[in-house]
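Here is the structure we will look at, set down as structure tokens.
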Amino acid sequence: MEILLAGLGASIGAMIRYAITNYGKKHWEWIGKQFSNLPTPTLLINLTGALILGIIFGLGTNVFFYSLVGTGVLGGYTTFSTMNTELVELYKSRNYHGLILYAVTSYLGGVILVFIGFWIGQLCK
Amino acid sequence: MKISNYISIACFAFFGGMARYSLNVQWSFYGTFWGNIIGCFLLAFFTYFFMEFKDFRQWLTVGIGTGFVGAFTTFSTFNLDILKNIQAGLPLTALIYFLSSIIFGFIFAFLGMRIGKNVGMLLRKED
């Protein structure tokens, strides 16, 4: 049962990710240009996903809700592979400043936001 | 907005999410770690393979890349695993998990890019 919820959630999450990425590529390119061609859509997706998952874990939801929304929607919404493929693209185009900036904001930002989310969840419990 | 792309992504992501769930049930955060690392290789491979070998429909390329592999890997659970390890009093495990994901994720994506590009070029030459 939980596995199907995780699959269903992942379908929803992946579609949201695709919609945001497409929208961001059209409308947020100017933001990326200000910051060494930072891939802003994926960065936004991963950081918000980490924050929301922290909140859900802090709230302590039941196993079905966690499988659907935590593992499913947020797992499908955020992506580790796209981020690394984008890091390789930045490396290939010799944009080392963008590479370091993207890696640091994603990885450090993700850890900080999952903790902040957890505390928010605990407070709202 | 192409509706066929969304349908394809939803179908492929369904299996990507279930595969990730199974890895997590079997091997806890080691499963998520290996899923993420293998996913980095696969996404870079397919991205550069499809770039060289252009004869695929868009719904199929976004279904496999954005749908299956994108949903198979996860950034949010990766961060939550770090939090869980720190809370469990295992900061060293959290640090090793954090650093090895960063290093191996990049290396495997890099290898996927090189191999995907070469395989795509090789197959194009044959026809």
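Residue numbers start at 1 in each chain; chains themselves are named A, B, ... in the order of the structure tokens; ligands are numbered from 1 in the order shown.
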Can you check which residues of chain B have any atom within 9 Å of chain A? Use only C-alpha atoms and format it as a PyMOL selection string. chain B and resi 1+6-7+9-22+36-44+47+65-80+82-83+98+102+105-110+112-113
Resulting file, chosen residues, C-alpha atoms, as a short mmCIF file (atom, residue, chain, number, x, y, z; two decimals), in the first residue's frame:
data_model
loop_
_atom_site.label_atom_id
_atom_site.label_comp_id
_atom_site.auth_asym_id
_atom_site.auth_seq_id
_atom_site.Cartn_x
_atom_site.Cartn_y
_atom_site.Cartn_z
CA MET B 1 2.53 23.19 -22.45
CA TYR B 6 3.17 15.62 -18.37
CA ILE B 7 1.45 12.25 -18.81
CA ILE B 9 6.52 12.20 -16.65
CA ALA B 10 3.72 11.08 -14.31
CA CYS B 11 3.89 7.47 -15.58
CA PHE B 12 7.68 7.20 -15.42
CA ALA B 13 7.89 9.02 -12.07
CA PHE B 14 5.41 6.53 -10.59
CA PHE B 15 7.99 3.77 -11.13
CA GLY B 16 10.93 5.97 -10.14
CA GLY B 17 9.24 6.79 -6.83
CA MET B 18 8.37 3.15 -6.13
CA ALA B 19 11.94 2.05 -6.93
CA ARG B 20 13.32 4.65 -4.51
CA TYR B 21 10.80 3.61 -1.84
CA SER B 22 11.91 -0.04 -2.18
CA ASN B 36 21.08 9.07 -5.71
CA ILE B 37 24.54 8.12 -6.94
CA ILE B 38 23.28 5.70 -9.61
CA GLY B 39 20.64 8.27 -10.59
CA CYS B 40 23.35 10.90 -11.14
CA PHE B 41 25.09 8.57 -13.57
CA LEU B 42 21.85 7.68 -15.37
CA LEU B 43 20.54 11.23 -15.76
CA ALA B 44 23.83 12.58 -17.11
CA THR B 47 20.87 13.72 -21.11
CA GLY B 65 15.09 11.76 -17.55
CA THR B 66 12.78 14.14 -15.69
CA GLY B 67 10.21 11.47 -14.83
CA PHE B 68 11.90 8.21 -13.89
CA VAL B 69 15.44 9.27 -12.91
CA GLY B 70 14.34 12.63 -11.48
CA ALA B 71 11.83 10.94 -9.17
CA PHE B 72 14.22 8.06 -8.42
CA THR B 73 16.70 10.51 -6.88
CA THR B 74 15.82 12.85 -4.04
CA PHE B 75 17.33 15.90 -2.44
CA SER B 76 14.82 16.34 0.40
CA THR B 77 15.25 12.83 1.88
CA PHE B 78 19.03 13.22 1.55
CA ASN B 79 18.86 16.28 3.82
CA LEU B 80 16.44 14.62 6.22
CA ILE B 82 21.52 13.98 7.67
CA LEU B 83 19.20 15.51 10.27
CA PHE B 98 27.02 14.34 3.32
CA ILE B 102 28.60 15.41 -2.83
CA GLY B 105 27.29 12.44 -7.05
CA PHE B 106 29.54 14.72 -9.10
CA ILE B 107 31.95 11.97 -10.19
CA PHE B 108 29.14 9.67 -11.33
CA ALA B 109 27.34 12.48 -13.17
CA PHE B 110 30.64 13.33 -14.86
CA GLY B 112 27.57 9.48 -17.13
CA MET B 113 28.11 12.57 -19.28
#
Report as a PyMOL selection string all protein, DNA and RNA residues lying within 7 Å of Asn5 of chain B, evaluated on only C-alpha atoms, omitting residues in the same chain fewer than 2 positions from it. chain B and resi 2-3+7-9+59+62-63
Restrict the selected residues to C-alpha atoms and save them as a tab-separated table (two decimals), in the first residue's frame.
chain	number	residue	atom	x	y	z
B	2	LYS	CA	2.57	19.72	-23.92
B	3	ILE	CA	0.14	17.43	-22.18
B	7	ILE	CA	1.45	12.25	-18.81
B	8	SER	CA	4.77	10.61	-19.66
B	9	ILE	CA	6.52	12.20	-16.65
B	59	TRP	CA	7.83	12.69	-24.41
B	62	VAL	CA	11.54	13.80	-20.57
B	63	GLY	CA	9.73	10.70	-19.29
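In this model, the gap between atom CA of Gly24 of chain A and atom CA of Pro39 of chain A comes to 9.1 Å.
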Separation of atom CA of Leu43 of chain A from atom CA of Gln87 of chain B in Å: 25.6 Å
